[in-house]
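*Asks:* The following block contains the structure, expressed as structure tokens.
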Amino acid sequence: MFQLNADCLFEIFRCLEGNKATLHSCLLVNRFWCKISVRILWETPDVSAKLLNTLISCLPDESKNILHNNGIIFPNLNSLCPPGDHLFKKEVTLASTSKPPSFNYASFCKVLSISKIYYSVAETFLNNRLSINTKEIINLTQEILKLFMNVSSLKHLSYTSDDDHSPVNIKTPTNITFVHFPGAEHCLTYLSEFACTSNINSGILNQLSKICHNIQSLNIKFNKYADNADRVSDGLKNLISSQNNLKSLSLTYYNETNCWVDIIPSVTMHSDTLTKLSIKSVENHWPISFIKDFKNLRELDISLIYLSKDDAYSDFGHFEDLQHFIFPYLKRFNINLPTKVEPIVIKFLENNGENLEEFQCKSKCKNNSTKTVNFAVNKHCPRLKSLHTTFYERLSGISLKLIFMNCKELESIEILRRGTSLSGKELLEVIAQHSPKNFHELKLHNFYEEIDHEDLESFFISWKKRSPRKLFTLIFKDVCPETNNEKEGIIRKYEKEGLTEILRI
């Protein structure tokens, strides 16, 4: 019987990496399929107590003895503990002669989160003991990281100290010295993506800067709980400076200081290579003049959360420079739109809209404040393929028609409606009659309940007549919409015909 070789089968299974249930089924076919499926499943391990037990079973005898000598004792490691079993039992000792696992699972890993491993260890301790011993958690975490450093070659690494994703409400220590473990240099040399909080130990970041020179994507979160939050460590500056081909930079911060400004000299060293810049913050006023040097930017994301209900009390002077910047290769632009910033954004679109393919305008404005921005889109963004906008104005239907008329390459639009007269029925009619030939995706906020089954049926009948006809994706982003049987019947009917795909988020 003909059998595909390992490389061909690996590429086929690679297409299933987003479908772990199917990959798990492939494990059971035969050992050949199992070996290939395991490689893909373990490239990005989903850290959990069950997976943690697998990693413990992979530890070398030296690590097991270290843990045992520190009072950390495990049950028989020949099989995985099912959910609910105690992972830690004092009466059972480690057996160095335990049957080794079927695969060296850690060697397949390409994506690793130190924080997730630490949280998983801490949660396991918490579930099996009355209290958490931080020293024991660190000891076990370090031995697991030694395993990865010794056998893996990582592409993506995350080391954050915040507790945003912690199931046990703890923070990861900032001084886990994984960079000094045996094999760390080989493991981290080809790291291409790194995420961290700014308060990670400076010595660790300094050592990383000596090992890693190929990081292309850097994600830095300035932790509001960090010590010395008003300054950036030399280690972080050195890590940024030491990269040869940095392409993507994300800065996220929550404190009131301008501590991140300290990294600007290091960041601007990459003005020729940086193609993606993301700046996220909660109501901070900071200068953005430094981004003017990034002439090769393809993506610019400025996402700010304003806590005040009225921007009249906010100072948006930090936006002033934006209207003068020109990025000749910019394809994607995402920005919030306080009312006072509207003229600046319009000027920015006038300077940079010619090549834009995606524009997201997440507005918190009132009344007619996005009307001129929507007009600027249809006037200055002829190559737009994806648009996220808000309609407030009374003549929203006309604005949408103008966008369709002038943005002939538009494929997708996301509409947030606030106080507009644009009804669901009118919206679907405009889509059916005026959308460009490549248009195929509509995302709607707060429209589901008012669009009745007759409106949908009429729209789908019109859509069937389009040439060329594409699968139409309609996404409702309503908060807990109430389903309607007649409406759902129409949806199922045309989904079965392969005309549409309806999603609810």
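Chain lettering (A, B, ...) mirrors the order of the structure tokens, residue numbering begins at 1 for each chain separately, and ligand numbering begins at 1 in order of display.
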Could you give me, as a list in words, the residues within 12 Å of A:Ser250, counting only C-alpha atoms and dropping anything in the same chain fewer than 6 positions from it?

*Replies:*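 The neighbour list is Glu193, Phe194, Ala195, Cys196, Thr197, Gln216, Ser217, Leu218, Asn219, Ile220, Lys221, Phe222, Ile240, Trp260, Val267, Leu274, Thr275, Lys276, Leu277, Ser278, Ile279, Lys280, Ser281, Glu299, Leu300, Asp301, Ile302 and Ser303 of chain A.
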
*Asks:* Can you pull out every residue within 10 Å of A:His186, counting only C-alpha atoms, but drop anything in the same chain fewer than 2 positions away, and send it as a list in words?

*Replies:*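 That gives Met149, Asn150, Val151, Ser152, Ser153, Leu154, Pro182, Gly183, Ala184, Leu188, Thr189, Tyr190, Leu191, Ile211 and Cys212 of chain A.
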
*Asks:* With C-alpha atoms retained, could you export that selection as a PDB file, in the first residue's frame?

*Replies:*
```
ATOM      1  CA  MET A 149      16.531  24.863  27.350  1.00  0.00           C
ATOM      2  CA  ASN A 150      18.428  21.598  26.921  1.00  0.00           C
ATOM      3  CA  VAL A 151      16.400  20.044  24.087  1.00  0.00           C
ATOM      4  CA  SER A 152      14.301  22.756  22.360  1.00  0.00           C
ATOM      5  CA  SER A 153      14.978  25.395  19.752  1.00  0.00           C
ATOM      6  CA  LEU A 154      12.407  28.096  20.496  1.00  0.00           C
ATOM      7  CA  PRO A 182      22.654  24.373  30.023  1.00  0.00           C
ATOM      8  CA  GLY A 183      21.682  24.577  26.349  1.00  0.00           C
ATOM      9  CA  ALA A 184      20.058  28.009  26.679  1.00  0.00           C
ATOM     10  CA  LEU A 188      17.324  30.844  22.236  1.00  0.00           C
ATOM     11  CA  THR A 189      19.687  31.771  19.394  1.00  0.00           C
ATOM     12  CA  TYR A 190      16.969  31.674  16.742  1.00  0.00           C
ATOM     13  CA  LEU A 191      14.239  33.291  18.831  1.00  0.00           C
ATOM     14  CA  ILE A 211      22.309  35.404  22.846  1.00  0.00           C
ATOM     15  CA  CYS A 212      19.393  36.658  20.732  1.00  0.00           C
TER      16      CYS A 212
END
```

*Asks:* Please identify which residues in stretch 351-455 of chain A DSSP calls alpha helix (DSSP H) from the backbone, and express them as a PyMOL selection string.

*Replies:* chain A and resi 351-352+371-380+396-406+424-434+453-455

*Asks:* Pick out the closest residue to A:Asn245 from this set: A:Pro60, A:Met269, A:Phe178, A:Ser107. Count only C-alpha atoms.

*Replies:* A:Met269

*Asks:* Tell me, as a list in words, which residues lie within 12 Å of A:Ser102, counting only C-alpha atoms; anything in the same chain fewer than 5 positions away does not count.

*Replies:*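 Here the qualifying residues turn out to be Arg31, Cys34, Lys35, Val38, Thr54, Leu55, Ser57, Cys58, Asn78 and Ser79 of chain A.
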
*Asks:* How would the residues just picked look written out with N, CA and C atoms as a PDB file, in the first residue's frame?

*Replies:*
```pdb
ATOM      1  N   ARG A  31       1.591   4.339  14.668  1.00  0.00           N
ATOM      2  CA  ARG A  31       2.717   5.045  15.277  1.00  0.00           C
ATOM      3  C   ARG A  31       3.311   6.082  14.332  1.00  0.00           C
ATOM      4  N   CYS A  34       1.175   8.989  14.536  1.00  0.00           N
ATOM      5  CA  CYS A  34       1.302   9.507  15.898  1.00  0.00           C
ATOM      6  C   CYS A  34       2.536  10.396  16.030  1.00  0.00           C
ATOM      7  N   LYS A  35       3.671   9.954  15.511  1.00  0.00           N
ATOM      8  CA  LYS A  35       4.920  10.713  15.617  1.00  0.00           C
ATOM      9  C   LYS A  35       4.784  12.088  14.973  1.00  0.00           C
ATOM     10  N   VAL A  38       2.178  14.352  17.002  1.00  0.00           N
ATOM     11  CA  VAL A  38       2.759  14.816  18.262  1.00  0.00           C
ATOM     12  C   VAL A  38       3.667  16.017  18.021  1.00  0.00           C
ATOM     13  N   THR A  54       3.125  15.272  32.192  1.00  0.00           N
ATOM     14  CA  THR A  54       3.896  14.707  31.084  1.00  0.00           C
ATOM     15  C   THR A  54       5.312  15.268  31.093  1.00  0.00           C
ATOM     16  N   LEU A  55       5.429  16.585  31.316  1.00  0.00           N
ATOM     17  CA  LEU A  55       6.751  17.210  31.352  1.00  0.00           C
ATOM     18  C   LEU A  55       7.582  16.674  32.513  1.00  0.00           C
ATOM     19  N   SER A  57       7.391  13.753  33.741  1.00  0.00           N
ATOM     20  CA  SER A  57       7.850  12.407  33.374  1.00  0.00           C
ATOM     21  C   SER A  57       9.037  12.453  32.425  1.00  0.00           C
ATOM     22  N   CYS A  58       9.212  13.584  31.716  1.00  0.00           N
ATOM     23  CA  CYS A  58      10.331  13.735  30.783  1.00  0.00           C
ATOM     24  C   CYS A  58      11.600  14.241  31.453  1.00  0.00           C
ATOM     25  N   ASN A  78       4.769   6.587  35.352  1.00  0.00           N
ATOM     26  CA  ASN A  78       4.571   5.766  34.163  1.00  0.00           C
ATOM     27  C   ASN A  78       3.335   6.183  33.370  1.00  0.00           C
ATOM     28  N   SER A  79       2.374   6.785  34.023  1.00  0.00           N
ATOM     29  CA  SER A  79       1.143   7.173  33.328  1.00  0.00           C
ATOM     30  C   SER A  79       0.717   8.551  33.777  1.00  0.00           C
TER      31      SER A  79
END
```

*Asks:* One decimal, Å: what's the distance from atom CA of A:Ile415 over to atom CA of A:Thr483, could you say?

*Replies:*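 One can read the atom CA of A:Ile415 to atom CA of A:Thr483 distance as 20.6 Å.
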
*Asks:* If I take atom CA of A:Leu236 and atom CA of A:Lys210, how far is one from the other in Å, to one decimal?

*Replies:*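 It comes out at 12.0 Å.
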
*Asks:* Interatomic distance between atom CA of A:Phe391 and atom CA of A:Phe447?

*Replies:*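 Taking atom CA of A:Phe391 and atom CA of A:Phe447, their separation equals 12.6 Å.
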